[in-house]
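Asker: Take a look at query26.pdb, PDB, C-alpha atoms:
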MODEL        1
ATOM      1  CA  MET A  13     -15.985 -47.727  87.027
ATOM      2  CA  SER A  14     -14.892 -49.288  83.791
ATOM      3  CA  LEU A  15     -16.182 -49.497  80.255
ATOM      4  CA  LEU A  16     -14.922 -52.204  77.944
ATOM      5  CA  ALA A  17     -15.330 -51.920  74.191
ATOM      6  CA  LEU A  18     -14.514 -54.158  71.264
ATOM      7  CA  CYS A  19     -12.524 -52.416  68.524
ATOM      8  CA  ASP A  20     -11.531 -53.413  64.994
ATOM      9  CA  GLY A  21      -9.115 -50.613  64.177
ATOM     10  CA  GLU A  22     -11.925 -48.292  63.114
ATOM     11  CA  HIS A  23     -15.204 -49.159  64.791
ATOM     12  CA  VAL A  24     -15.939 -49.233  68.530
ATOM     13  CA  LEU A  25     -18.617 -51.429  70.114
ATOM     14  CA  PRO A  26     -19.128 -50.662  73.814
ATOM     15  CA  LEU A  27     -20.268 -53.451  76.076
ATOM     16  CA  ALA A  28     -21.692 -52.294  79.425
ATOM     17  CA  ALA A  29     -20.407 -50.331  82.367
ATOM     18  CA  ALA A  30     -19.181 -52.268  85.383
ATOM     19  CA  ARG A  31     -17.853 -51.282  88.776
ATOM     20  CA  ASP A  32     -15.566 -53.379  90.945
ATOM     21  CA  HIS A  33     -14.565 -53.169  94.592
ATOM     22  CA  LYS A  34     -10.801 -52.989  94.968
ATOM     23  CA  ARG A  35     -10.321 -52.952  98.728
ATOM     24  CA  LEU A  36     -10.119 -56.217 100.627
ATOM     25  CA  ARG A  37     -12.738 -55.540 103.267
ATOM     26  CA  ASP A  38     -16.282 -54.236 103.544
ATOM     27  CA  GLY A  39     -16.724 -50.496 103.384
ATOM     28  CA  ASP A  40     -13.701 -50.174 101.053
ATOM     29  CA  ARG A  41     -11.256 -50.760 103.882
ATOM     30  CA  GLY A  42      -8.026 -52.711 103.958
ATOM     31  CA  PRO A  43      -5.323 -53.176 101.333
ATOM     32  CA  ASN A  44      -5.874 -52.734  97.627
ATOM     33  CA  THR A  45      -6.427 -55.906  95.602
ATOM     34  CA  GLY A  46      -6.996 -56.992  92.041
ATOM     35  CA  GLY A  47     -10.728 -56.793  92.744
ATOM     36  CA  MET A  48     -12.987 -58.414  95.340
ATOM     37  CA  GLY A  49     -16.187 -58.325  93.323
ATOM     38  CA  CYS A  50     -18.044 -56.455  90.649
ATOM     39  CA  TYR A  51     -21.495 -55.547  89.376
ATOM     40  CA  SER A  52     -23.228 -54.419  86.206
ATOM     41  CA  PRO A  53     -25.146 -52.341  85.261
ATOM     42  CA  VAL A  54     -23.922 -49.268  87.102
ATOM     43  CA  PRO A  55     -27.020 -47.216  88.010
ATOM     44  CA  ASP A  56     -25.295 -43.832  87.782
ATOM     45  CA  VAL A  57     -23.932 -44.564  84.289
ATOM     46  CA  SER A  58     -26.654 -43.723  81.775
ATOM     47  CA  PRO A  59     -26.674 -44.687  78.083
ATOM     48  CA  GLU A  60     -25.888 -41.041  77.331
ATOM     49  CA  LEU A  61     -22.827 -41.192  79.572
ATOM     50  CA  VAL A  62     -21.693 -44.380  77.840
ATOM     51  CA  ASP A  63     -21.928 -42.560  74.508
ATOM     52  CA  GLU A  64     -19.934 -39.665  75.945
ATOM     53  CA  ILE A  65     -17.225 -42.000  77.240
ATOM     54  CA  VAL A  66     -16.953 -43.781  73.897
ATOM     55  CA  ALA A  67     -16.732 -40.443  72.054
ATOM     56  CA  THR A  68     -14.184 -38.834  74.382
ATOM     57  CA  VAL A  69     -12.142 -41.832  75.519
ATOM     58  CA  HIS A  70     -12.279 -44.883  73.266
ATOM     59  CA  ARG A  71     -12.685 -43.323  69.814
ATOM     60  CA  PRO A  72      -9.793 -40.838  70.161
ATOM     61  CA  VAL A  73      -7.471 -43.709  71.107
ATOM     62  CA  VAL A  74      -8.639 -45.896  68.230
ATOM     63  CA  ASN A  75      -8.443 -42.995  65.773
ATOM     64  CA  GLU A  76      -4.956 -41.960  66.853
ATOM     65  CA  LEU A  77      -3.584 -45.493  66.656
ATOM     66  CA  ALA A  78      -5.083 -45.845  63.184
ATOM     67  CA  ARG A  79      -3.471 -42.522  62.184
ATOM     68  CA  ARG A  80      -0.123 -43.924  63.279
ATOM     69  CA  ASP A  81      -0.746 -47.020  61.155
ATOM     70  CA  MET A  82      -1.018 -49.100  64.339
ATOM     71  CA  PRO A  83      -4.721 -50.090  64.259
ATOM     72  CA  PHE A  84      -5.955 -51.489  67.541
ATOM     73  CA  ARG A  85      -8.061 -54.615  67.303
ATOM     74  CA  GLY A  86      -9.337 -56.268  70.436
ATOM     75  CA  CYS A  87     -10.844 -55.256  73.741
ATOM     76  CA  LEU A  88     -10.023 -51.762  74.971
ATOM     77  CA  TYR A  89     -10.571 -51.501  78.715
ATOM     78  CA  ALA A  90     -10.948 -47.992  80.111
ATOM     79  CA  GLY A  91     -10.777 -47.610  83.884
ATOM     80  CA  LEU A  92     -12.484 -44.357  84.756
ATOM     81  CA  MET A  93     -13.335 -41.989  87.570
ATOM     82  CA  LEU A  94     -16.561 -40.024  87.255
ATOM     83  CA  THR A  95     -16.077 -36.397  88.302
ATOM     84  CA  ASP A  96     -18.066 -33.161  88.194
ATOM     85  CA  GLN A  97     -15.916 -32.245  85.182
ATOM     86  CA  GLY A  98     -16.775 -35.455  83.374
ATOM     87  CA  PRO A  99     -15.138 -38.895  83.067
ATOM     88  CA  ARG A 100     -11.393 -39.038  83.774
ATOM     89  CA  VAL A 101      -9.187 -41.938  82.644
ATOM     90  CA  LEU A 102      -7.263 -43.804  85.338
ATOM     91  CA  GLU A 103      -5.929 -46.595  83.152
ATOM     92  CA  PHE A 104      -6.170 -48.355  79.822
ATOM     93  CA  ASN A 105      -5.753 -52.081  79.314
ATOM     94  CA  ALA A 106      -5.636 -53.912  76.004
ATOM     95  CA  ARG A 107      -7.502 -56.889  77.420
ATOM     96  CA  TRP A 108     -10.664 -58.037  79.135
ATOM     97  CA  GLY A 109     -10.744 -57.080  82.804
ATOM     98  CA  ASP A 110     -11.080 -59.238  85.892
ATOM     99  CA  PRO A 111     -13.563 -59.271  87.649
ATOM    100  CA  GLU A 112     -15.414 -57.038  85.147
ATOM    101  CA  THR A 113     -15.593 -59.713  82.464
ATOM    102  CA  GLN A 114     -17.396 -62.087  84.813
ATOM    103  CA  VAL A 115     -20.353 -59.686  85.052
ATOM    104  CA  LEU A 116     -20.287 -58.480  81.449
ATOM    105  CA  VAL A 117     -20.209 -61.704  79.444
ATOM    106  CA  PRO A 118     -23.278 -63.234  81.176
ATOM    107  CA  ARG A 119     -25.263 -60.105  80.200
ATOM    108  CA  LEU A 120     -24.360 -60.234  76.509
ATOM    109  CA  GLU A 121     -27.006 -61.162  73.963
ATOM    110  CA  GLY A 122     -25.948 -62.374  70.556
ATOM    111  CA  ASP A 123     -22.956 -64.205  69.179
ATOM    112  CA  LEU A 124     -19.876 -63.132  71.134
ATOM    113  CA  LEU A 125     -17.586 -65.363  69.083
ATOM    114  CA  ASP A 126     -18.781 -63.709  65.870
ATOM    115  CA  ALA A 127     -18.223 -60.260  67.374
ATOM    116  CA  LEU A 128     -14.685 -61.235  68.394
ATOM    117  CA  ARG A 129     -14.006 -62.532  64.885
ATOM    118  CA  ARG A 130     -15.281 -59.292  63.414
ATOM    119  CA  SER A 131     -13.109 -57.335  65.826
ATOM    120  CA  ALA A 132     -10.128 -59.215  64.418
ATOM    121  CA  ASP A 133     -11.026 -58.921  60.717
ATOM    122  CA  GLY A 134     -12.262 -55.331  60.627
ATOM    123  CA  SER A 135     -16.005 -55.886  60.220
ATOM    124  CA  LEU A 136     -17.197 -55.011  63.720
ATOM    125  CA  ASP A 137     -19.819 -52.643  62.318
ATOM    126  CA  ARG A 138     -21.764 -55.734  61.212
ATOM    127  CA  ALA A 139     -21.655 -57.466  64.597
ATOM    128  CA  VAL A 140     -24.968 -58.180  66.314
ATOM    129  CA  LEU A 141     -24.234 -58.052  70.019
ATOM    130  CA  GLY A 142     -26.409 -56.490  72.682
ATOM    131  CA  VAL A 143     -26.656 -56.308  76.458
ATOM    132  CA  SER A 144     -29.586 -57.739  78.371
ATOM    133  CA  GLY A 145     -31.607 -55.810  80.903
ATOM    134  CA  GLN A 146     -30.607 -58.265  83.617
ATOM    135  CA  ALA A 147     -28.147 -57.380  86.341
ATOM    136  CA  CYS A 148     -25.096 -59.414  87.269
ATOM    137  CA  VAL A 149     -23.061 -59.527  90.480
ATOM    138  CA  SER A 150     -19.800 -61.391  91.023
ATOM    139  CA  VAL A 151     -18.291 -62.035  94.459
ATOM    140  CA  VAL A 152     -14.654 -63.070  94.811
ATOM    141  CA  ILE A 153     -13.656 -65.793  97.232
ATOM    142  CA  ALA A 154      -9.968 -65.224  97.952
ATOM    143  CA  ALA A 155      -7.471 -67.433  99.732
ATOM    144  CA  PRO A 156      -6.592 -66.861 103.393
ATOM    145  CA  GLY A 157      -3.796 -64.299 103.645
ATOM    146  CA  TYR A 158      -4.683 -62.568 100.376
ATOM    147  CA  PRO A 159      -3.334 -60.234  99.040
ATOM    148  CA  ASP A 160       0.010 -60.238 100.895
ATOM    149  CA  ALA A 161       0.607 -63.960 101.417
ATOM    150  CA  PRO A 162      -2.198 -66.119 100.020
ATOM    151  CA  GLU A 163      -2.239 -69.655 101.352
ATOM    152  CA  ALA A 164      -2.490 -72.476  98.833
ATOM    153  CA  GLY A 165      -3.846 -75.955  99.378
ATOM    154  CA  GLY A 166      -7.113 -75.281 101.215
ATOM    155  CA  VAL A 167      -9.830 -77.727 100.199
ATOM    156  CA  ILE A 168     -12.923 -76.142  98.618
ATOM    157  CA  GLU A 169     -16.263 -77.764  99.330
ATOM    158  CA  GLY A 170     -19.774 -77.044  98.113
ATOM    159  CA  LEU A 171     -19.065 -76.094  94.507
ATOM    160  CA  ASP A 172     -21.574 -78.550  93.082
ATOM    161  CA  ARG A 173     -24.368 -77.241  95.302
ATOM    162  CA  ALA A 174     -23.603 -73.626  94.459
ATOM    163  CA  GLU A 175     -23.602 -74.233  90.729
ATOM    164  CA  LEU A 176     -27.048 -75.842  90.893
ATOM    165  CA  LEU A 177     -28.626 -72.540  91.901
ATOM    166  CA  GLU A 178     -30.580 -70.792  89.180
ATOM    167  CA  GLY A 179     -28.633 -68.066  87.400
ATOM    168  CA  VAL A 180     -25.351 -68.881  89.145
ATOM    169  CA  THR A 181     -21.976 -69.552  87.526
ATOM    170  CA  VAL A 182     -18.815 -70.194  89.522
ATOM    171  CA  PHE A 183     -15.712 -69.123  87.620
ATOM    172  CA  HIS A 184     -12.477 -70.772  88.707
ATOM    173  CA  ALA A 185      -9.509 -68.418  88.928
ATOM    174  CA  GLY A 186      -6.930 -69.823  91.336
ATOM    175  CA  THR A 187      -7.853 -73.484  91.801
ATOM    176  CA  ALA A 188      -6.216 -76.834  91.210
ATOM    177  CA  GLU A 189      -7.166 -80.486  91.532
ATOM    178  CA  LEU A 190      -5.371 -82.516  94.164
ATOM    179  CA  ASP A 191      -6.259 -86.123  94.929
ATOM    180  CA  GLY A 192      -9.650 -85.675  93.332
ATOM    181  CA  ARG A 193     -10.507 -82.539  95.323
ATOM    182  CA  VAL A 194     -10.534 -78.878  94.316
ATOM    183  CA  VAL A 195      -8.044 -76.801  96.283
ATOM    184  CA  ALA A 196      -6.986 -73.159  96.422
ATOM    185  CA  ALA A 197      -3.979 -72.450  94.215
ATOM    186  CA  GLY A 198      -3.858 -68.664  93.973
ATOM    187  CA  GLY A 199      -4.888 -65.403  95.538
ATOM    188  CA  ARG A 200      -8.339 -64.830  94.104
ATOM    189  CA  VAL A 201      -9.701 -68.354  93.989
ATOM    190  CA  LEU A 202     -13.286 -68.146  92.705
ATOM    191  CA  ASN A 203     -15.685 -65.633  91.188
ATOM    192  CA  VAL A 204     -19.206 -66.535  92.292
ATOM    193  CA  THR A 205     -21.437 -64.847  89.737
ATOM    194  CA  ALA A 206     -25.196 -64.548  89.443
ATOM    195  CA  LEU A 207     -27.745 -63.001  87.102
ATOM    196  CA  GLY A 208     -30.965 -61.472  88.354
ATOM    197  CA  ALA A 209     -33.790 -59.205  87.302
ATOM    198  CA  ASP A 210     -32.087 -56.373  89.199
ATOM    199  CA  LEU A 211     -29.000 -55.834  91.324
ATOM    200  CA  ALA A 212     -30.780 -56.791  94.538
ATOM    201  CA  SER A 213     -31.885 -60.181  93.193
ATOM    202  CA  ALA A 214     -28.500 -60.812  91.555
ATOM    203  CA  ARG A 215     -26.777 -60.042  94.874
ATOM    204  CA  ALA A 216     -29.104 -62.382  96.731
ATOM    205  CA  ARG A 217     -28.345 -65.218  94.329
ATOM    206  CA  ALA A 218     -24.601 -64.620  94.339
ATOM    207  CA  TYR A 219     -24.358 -64.498  98.106
ATOM    208  CA  GLY A 220     -26.685 -67.478  98.443
ATOM    209  CA  ALA A 221     -24.150 -69.427  96.366
ATOM    210  CA  VAL A 222     -21.225 -68.049  98.379
ATOM    211  CA  GLU A 223     -22.865 -69.411 101.539
ATOM    212  CA  LEU A 224     -22.779 -72.916 100.067
ATOM    213  CA  ILE A 225     -19.051 -72.816  99.330
ATOM    214  CA  ASP A 226     -16.547 -73.537 102.069
ATOM    215  CA  LEU A 227     -12.883 -72.552 101.960
ATOM    216  CA  PRO A 228     -11.588 -72.261 105.528
ATOM    217  CA  GLY A 229     -10.281 -68.766 106.301
ATOM    218  CA  ALA A 230     -11.334 -67.337 102.938
ATOM    219  CA  GLU A 231     -11.502 -63.588 102.379
ATOM    220  CA  VAL A 232     -14.941 -62.522 101.141
ATOM    221  CA  ARG A 233     -16.577 -59.104 101.099
ATOM    222  CA  THR A 234     -20.251 -58.999 102.004
ATOM    223  CA  ASP A 235     -21.091 -55.632 100.418
ATOM    224  CA  ILE A 236     -20.453 -56.088  96.694
ATOM    225  CA  GLY A 237     -23.010 -53.954  94.883
ATOM    226  CA  ALA A 238     -24.924 -53.275  98.099
ATOM    227  CA  ALA A 239     -25.133 -49.495  97.763
ATOM    228  CA  ALA A 240     -26.026 -49.644  94.067
ATOM    229  CA  ALA A 241     -28.763 -52.177  94.767
ATOM    230  CA  VAL A 242     -30.587 -49.607  96.913
ATOM    231  CA  GLY A 243     -29.952 -46.740  94.521
ATOM    232  CA  ARG A 244     -26.826 -45.162  95.965
ATOM    233  CA  SER A 245     -23.575 -44.472  94.116
ATOM    234  CA  ALA A 246     -20.718 -46.740  95.152
TER
ENDMDL
END
Reformat the file's structure so that it appears as structure tokens.

Answerer:
Amino acid sequence: MSLLALCDGEHVLPLAAARDHKRLRDGDRGPNTGGMGCYSPVPDVSPELVDEIVATVHRPVVNELARRDMPFRGCLYAGLMLTDQGPRVLEFNARWGDPETQVLVPRLEGDLLDALRRSADGSLDRAVLGVSGQACVSVVIAAPGYPDAPEAGGVIEGLDRAELLEGVTVFHAGTAELDGRVVAAGGRVLNVTALGADLASARARAYGAVELIDLPGAEVRTDIGAAAAVGRSA
């Protein structure tokens, strides 16, 4: 799982936990990818665990960089593994994550732009930014041949219909316009994202939108967030 936090060199504002699915195929099979889908919240990550992660992972990094007169301002992404001995860091990134951002930003309540400004100018402690109780699921539609040899040029149909669904946003990642049509132009082409009252309803909306989008030969997992939606860790 991952926990992203805004930092201003001193203060740390956690967003929400998210968990992505790295493997290409259902059941976490196939080659590793940049991420085939993601969901938030993560049922096995409690508010107390978020506080623990911030205290043991994010704050020590921010404090040490400040001590070295190298204050970190921006988004600190911590990729984590949850173990019986507590959270363990797999990676840090000094950026927003993909596809984590697609499920985090729709859940935010408040003025994100103001929070980003305060992250930059050192006043993050006065930011008013919360996380809604809604769930969000994002499903990646990847080009045929991804991740080894993604094929470009496939025509994408159905985007307008998908985006008309309630709670659905289709984020373009690897697309281009050619002769007035949207075509695949990268590995991970689209992030089909939906909000819902819970993970089950968010999944239903996201996959309902996926069904309306046609990219011949596309790679799509059908199990993003499935285990979490029925209360299992995944």

Asker: Taking the file as shown, what set of residues would the PyMOL selection byres ((chain A and resi 153) around 7) give back, as a list in words?

Answerer: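 So the PyMOL selection byres ((chain A and resi 153) around 7) ends up selecting Val151, Val152, Ala154, Ala155, Arg200, Val201, Leu202, Asn203, Ala230, Glu231 and Val232 of chain A.
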
Asker: Using all atoms listed in the file, what does the table of region 70-154 of chain A residues within 12 Å of region 60-64 of chain A look like, with each row giving the shortest atom pair and its distance in Å to one decimal, sorted by chain and ascending number, as a Markdown table?

Answerer:
| residue | atom | partner | partner_atom | distance |
| --- | --- | --- | --- | --- |
| A:His70 | CA | A:Glu64 | CA | 9.6 |
| A:Arg71 | CA | A:Glu64 | CA | 10.2 |
| A:Pro72 | CA | A:Glu64 | CA | 11.7 |
| A:Ala90 | CA | A:Val62 | CA | 11.6 |
| A:Leu92 | CA | A:Val62 | CA | 11.5 |
| A:Leu94 | CA | A:Leu61 | CA | 10.0 |
| A:Gly98 | CA | A:Glu64 | CA | 9.1 |
| A:Pro99 | CA | A:Glu64 | CA | 8.6 |
| A:Arg100 | CA | A:Glu64 | CA | 11.6 |

Asker: Can you turn the PyMOL selection byres ((chain A and resi 177-191) around 6) into a concrete residue list for this file, as a CSV table (one decimal) with C-alpha atoms, in the frame of the given file?

Answerer:
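Listed below is the output, part.csv:
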chain,number,residue,atom,x,y,z
A,174,ALA,CA,-23.6,-73.6,94.5
A,175,GLU,CA,-23.6,-74.2,90.7
A,176,LEU,CA,-27.0,-75.8,90.9
A,192,GLY,CA,-9.6,-85.7,93.3
A,193,ARG,CA,-10.5,-82.5,95.3
A,194,VAL,CA,-10.5,-78.9,94.3
A,195,VAL,CA,-8.0,-76.8,96.3
A,196,ALA,CA,-7.0,-73.2,96.4
A,197,ALA,CA,-4.0,-72.4,94.2
A,198,GLY,CA,-3.9,-68.7,94.0
A,200,ARG,CA,-8.3,-64.8,94.1
A,201,VAL,CA,-9.7,-68.4,94.0
A,202,LEU,CA,-13.3,-68.1,92.7
A,203,ASN,CA,-15.7,-65.6,91.2
A,204,VAL,CA,-19.2,-66.5,92.3
A,205,THR,CA,-21.4,-64.8,89.7
A,206,ALA,CA,-25.2,-64.5,89.4
A,207,LEU,CA,-27.7,-63.0,87.1

Asker: Suppose you want the space between CA of Leu88 (chain A) and CA of Leu136 (chain A); what is it in Å?

Answerer: 13.7 Å

Asker: I'd like to know which of A:Gly170, A:Gly142, A:Gly220, A:Gly157 is closest to Thr45 (chain A), using all atoms listed in the file.

Answerer: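 Closest to Thr45 (chain A) of all the choices is A:Gly157.
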
Asker: Nearest to Thr68 (chain A) among A:Glu22, A:Val101, A:Leu120, A:Ala161, with distances taken over all atoms listed in the file: which residue is it?

Answerer: A:Val101

Asker: Could you pull the residues within 12 Å of Arg129 (chain A), counting only C-alpha atoms, minus those fewer than 5 positions along the same chain, as a list of chain:residue names?

Answerer: A:Leu18, A:Cys19, A:Asp20, A:Arg85, A:Gly86, A:Cys87, A:Asp123, A:Leu124, A:Gly134, A:Ser135, A:Leu136, A:Asp137, A:Arg138, A:Ala139, A:Val140

Asker: Give as number ranges by chain each residue that has an atom at most 12 Å from (-20.7, -83.6, 104.0) in the file, counting only C-alpha atoms.

Answerer: A: 169-170, 173, 224-226

Asker: How about saving the chosen residues, C-alpha atoms kept, as an mmCIF file, in the frame of the given file?

Answerer:
data_model
loop_
_atom_site.group_PDB
_atom_site.id
_atom_site.type_symbol
_atom_site.label_atom_id
_atom_site.label_comp_id
_atom_site.auth_asym_id
_atom_site.auth_seq_id
_atom_site.Cartn_x
_atom_site.Cartn_y
_atom_site.Cartn_z
ATOM 1 C CA GLU A 169 -16.263 -77.764 99.330
ATOM 2 C CA GLY A 170 -19.774 -77.044 98.113
ATOM 3 C CA ARG A 173 -24.368 -77.241 95.302
ATOM 4 C CA LEU A 224 -22.779 -72.916 100.067
ATOM 5 C CA ILE A 225 -19.051 -72.816 99.330
ATOM 6 C CA ASP A 226 -16.547 -73.537 102.069
#

Asker: Name the residues that the PyMOL selection byres ((chain A and resi 32) around 6) pulls out of this structure, and write them as a list in words.

Answerer: Arg31, His33, Gly49 and Cys50 of chain A

Asker: Mind completing region 191-218 of chain A with N, CA and C atoms? Output as a PDB file, keeping the file's coordinate frame, please?

Answerer:
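Output (out-v2.pdb):
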ATOM      1  N   ASP A 191      -5.665 -84.888  94.393  1.00  0.00           N
ATOM      2  CA  ASP A 191      -6.259 -86.123  94.929  1.00  0.00           C
ATOM      3  C   ASP A 191      -7.779 -86.134  94.767  1.00  0.00           C
ATOM      4  N   GLY A 192      -8.232 -85.645  93.622  1.00  0.00           N
ATOM      5  CA  GLY A 192      -9.650 -85.675  93.332  1.00  0.00           C
ATOM      6  C   GLY A 192     -10.460 -84.584  93.999  1.00  0.00           C
ATOM      7  N   ARG A 193      -9.805 -83.630  94.641  1.00  0.00           N
ATOM      8  CA  ARG A 193     -10.507 -82.539  95.323  1.00  0.00           C
ATOM      9  C   ARG A 193     -10.028 -81.206  94.751  1.00  0.00           C
ATOM     10  N   VAL A 194     -10.894 -80.212  94.785  1.00  0.00           N
ATOM     11  CA  VAL A 194     -10.534 -78.878  94.316  1.00  0.00           C
ATOM     12  C   VAL A 194      -9.920 -78.112  95.480  1.00  0.00           C
ATOM     13  N   VAL A 195      -8.746 -77.524  95.223  1.00  0.00           N
ATOM     14  CA  VAL A 195      -8.044 -76.801  96.283  1.00  0.00           C
ATOM     15  C   VAL A 195      -7.673 -75.409  95.797  1.00  0.00           C
ATOM     16  N   ALA A 196      -7.441 -74.508  96.744  1.00  0.00           N
ATOM     17  CA  ALA A 196      -6.986 -73.159  96.422  1.00  0.00           C
ATOM     18  C   ALA A 196      -5.563 -73.215  95.888  1.00  0.00           C
ATOM     19  N   ALA A 197      -5.314 -72.445  94.823  1.00  0.00           N
ATOM     20  CA  ALA A 197      -3.979 -72.450  94.215  1.00  0.00           C
ATOM     21  C   ALA A 197      -3.598 -71.054  93.746  1.00  0.00           C
ATOM     22  N   GLY A 198      -4.165 -70.039  94.378  1.00  0.00           N
ATOM     23  CA  GLY A 198      -3.858 -68.664  93.973  1.00  0.00           C
ATOM     24  C   GLY A 198      -4.467 -67.698  94.958  1.00  0.00           C
ATOM     25  N   GLY A 199      -4.357 -66.426  94.649  1.00  0.00           N
ATOM     26  CA  GLY A 199      -4.888 -65.403  95.538  1.00  0.00           C
ATOM     27  C   GLY A 199      -6.395 -65.306  95.469  1.00  0.00           C
ATOM     28  N   ARG A 200      -6.898 -64.838  94.318  1.00  0.00           N
ATOM     29  CA  ARG A 200      -8.339 -64.830  94.104  1.00  0.00           C
ATOM     30  C   ARG A 200      -8.721 -66.186  93.531  1.00  0.00           C
ATOM     31  N   VAL A 201      -9.473 -66.946  94.282  1.00  0.00           N
ATOM     32  CA  VAL A 201      -9.701 -68.354  93.989  1.00  0.00           C
ATOM     33  C   VAL A 201     -10.904 -68.575  93.084  1.00  0.00           C
ATOM     34  N   LEU A 202     -12.036 -67.944  93.432  1.00  0.00           N
ATOM     35  CA  LEU A 202     -13.286 -68.146  92.705  1.00  0.00           C
ATOM     36  C   LEU A 202     -13.998 -66.819  92.499  1.00  0.00           C
ATOM     37  N   ASN A 203     -14.750 -66.732  91.402  1.00  0.00           N
ATOM     38  CA  ASN A 203     -15.685 -65.633  91.188  1.00  0.00           C
ATOM     39  C   ASN A 203     -17.089 -66.236  91.155  1.00  0.00           C
ATOM     40  N   VAL A 204     -17.852 -65.991  92.196  1.00  0.00           N
ATOM     41  CA  VAL A 204     -19.206 -66.535  92.292  1.00  0.00           C
ATOM     42  C   VAL A 204     -20.151 -65.497  91.706  1.00  0.00           C
ATOM     43  N   THR A 205     -20.744 -65.823  90.575  1.00  0.00           N
ATOM     44  CA  THR A 205     -21.437 -64.847  89.737  1.00  0.00           C
ATOM     45  C   THR A 205     -22.888 -65.245  89.541  1.00  0.00           C
ATOM     46  N   ALA A 206     -23.778 -64.245  89.598  1.00  0.00           N
ATOM     47  CA  ALA A 206     -25.196 -64.548  89.443  1.00  0.00           C
ATOM     48  C   ALA A 206     -25.904 -63.463  88.658  1.00  0.00           C
ATOM     49  N   LEU A 207     -26.839 -63.892  87.817  1.00  0.00           N
ATOM     50  CA  LEU A 207     -27.745 -63.001  87.102  1.00  0.00           C
ATOM     51  C   LEU A 207     -29.051 -62.860  87.879  1.00  0.00           C
ATOM     52  N   GLY A 208     -29.668 -61.694  87.743  1.00  0.00           N
ATOM     53  CA  GLY A 208     -30.965 -61.472  88.354  1.00  0.00           C
ATOM     54  C   GLY A 208     -31.708 -60.376  87.637  1.00  0.00           C
ATOM     55  N   ALA A 209     -32.977 -60.233  87.947  1.00  0.00           N
ATOM     56  CA  ALA A 209     -33.790 -59.205  87.302  1.00  0.00           C
ATOM     57  C   ALA A 209     -33.275 -57.812  87.623  1.00  0.00           C
ATOM     58  N   ASP A 210     -32.675 -57.647  88.794  1.00  0.00           N
ATOM     59  CA  ASP A 210     -32.087 -56.373  89.199  1.00  0.00           C
ATOM     60  C   ASP A 210     -30.899 -56.668  90.096  1.00  0.00           C
ATOM     61  N   LEU A 211     -30.199 -55.624  90.523  1.00  0.00           N
ATOM     62  CA  LEU A 211     -29.000 -55.834  91.324  1.00  0.00           C
ATOM     63  C   LEU A 211     -29.314 -56.515  92.650  1.00  0.00           C
ATOM     64  N   ALA A 212     -30.436 -56.179  93.254  1.00  0.00           N
ATOM     65  CA  ALA A 212     -30.780 -56.791  94.538  1.00  0.00           C
ATOM     66  C   ALA A 212     -30.951 -58.302  94.399  1.00  0.00           C
ATOM     67  N   SER A 213     -31.679 -58.741  93.367  1.00  0.00           N
ATOM     68  CA  SER A 213     -31.885 -60.181  93.193  1.00  0.00           C
ATOM     69  C   SER A 213     -30.599 -60.882  92.761  1.00  0.00           C
ATOM     70  N   ALA A 214     -29.784 -60.219  91.942  1.00  0.00           N
ATOM     71  CA  ALA A 214     -28.500 -60.812  91.555  1.00  0.00           C
ATOM     72  C   ALA A 214     -27.589 -60.967  92.768  1.00  0.00           C
ATOM     73  N   ARG A 215     -27.576 -59.951  93.633  1.00  0.00           N
ATOM     74  CA  ARG A 215     -26.777 -60.042  94.874  1.00  0.00           C
ATOM     75  C   ARG A 215     -27.245 -61.202  95.740  1.00  0.00           C
ATOM     76  N   ALA A 216     -28.561 -61.319  95.883  1.00  0.00           N
ATOM     77  CA  ALA A 216     -29.104 -62.382  96.731  1.00  0.00           C
ATOM     78  C   ALA A 216     -28.686 -63.755  96.207  1.00  0.00           C
ATOM     79  N   ARG A 217     -28.742 -63.931  94.909  1.00  0.00           N
ATOM     80  CA  ARG A 217     -28.345 -65.218  94.329  1.00  0.00           C
ATOM     81  C   ARG A 217     -26.850 -65.468  94.500  1.00  0.00           C
ATOM     82  N   ALA A 218     -26.050 -64.450  94.235  1.00  0.00           N
ATOM     83  CA  ALA A 218     -24.601 -64.620  94.339  1.00  0.00           C
ATOM     84  C   ALA A 218     -24.200 -64.972  95.767  1.00  0.00           C
TER      85      ALA A 218
END
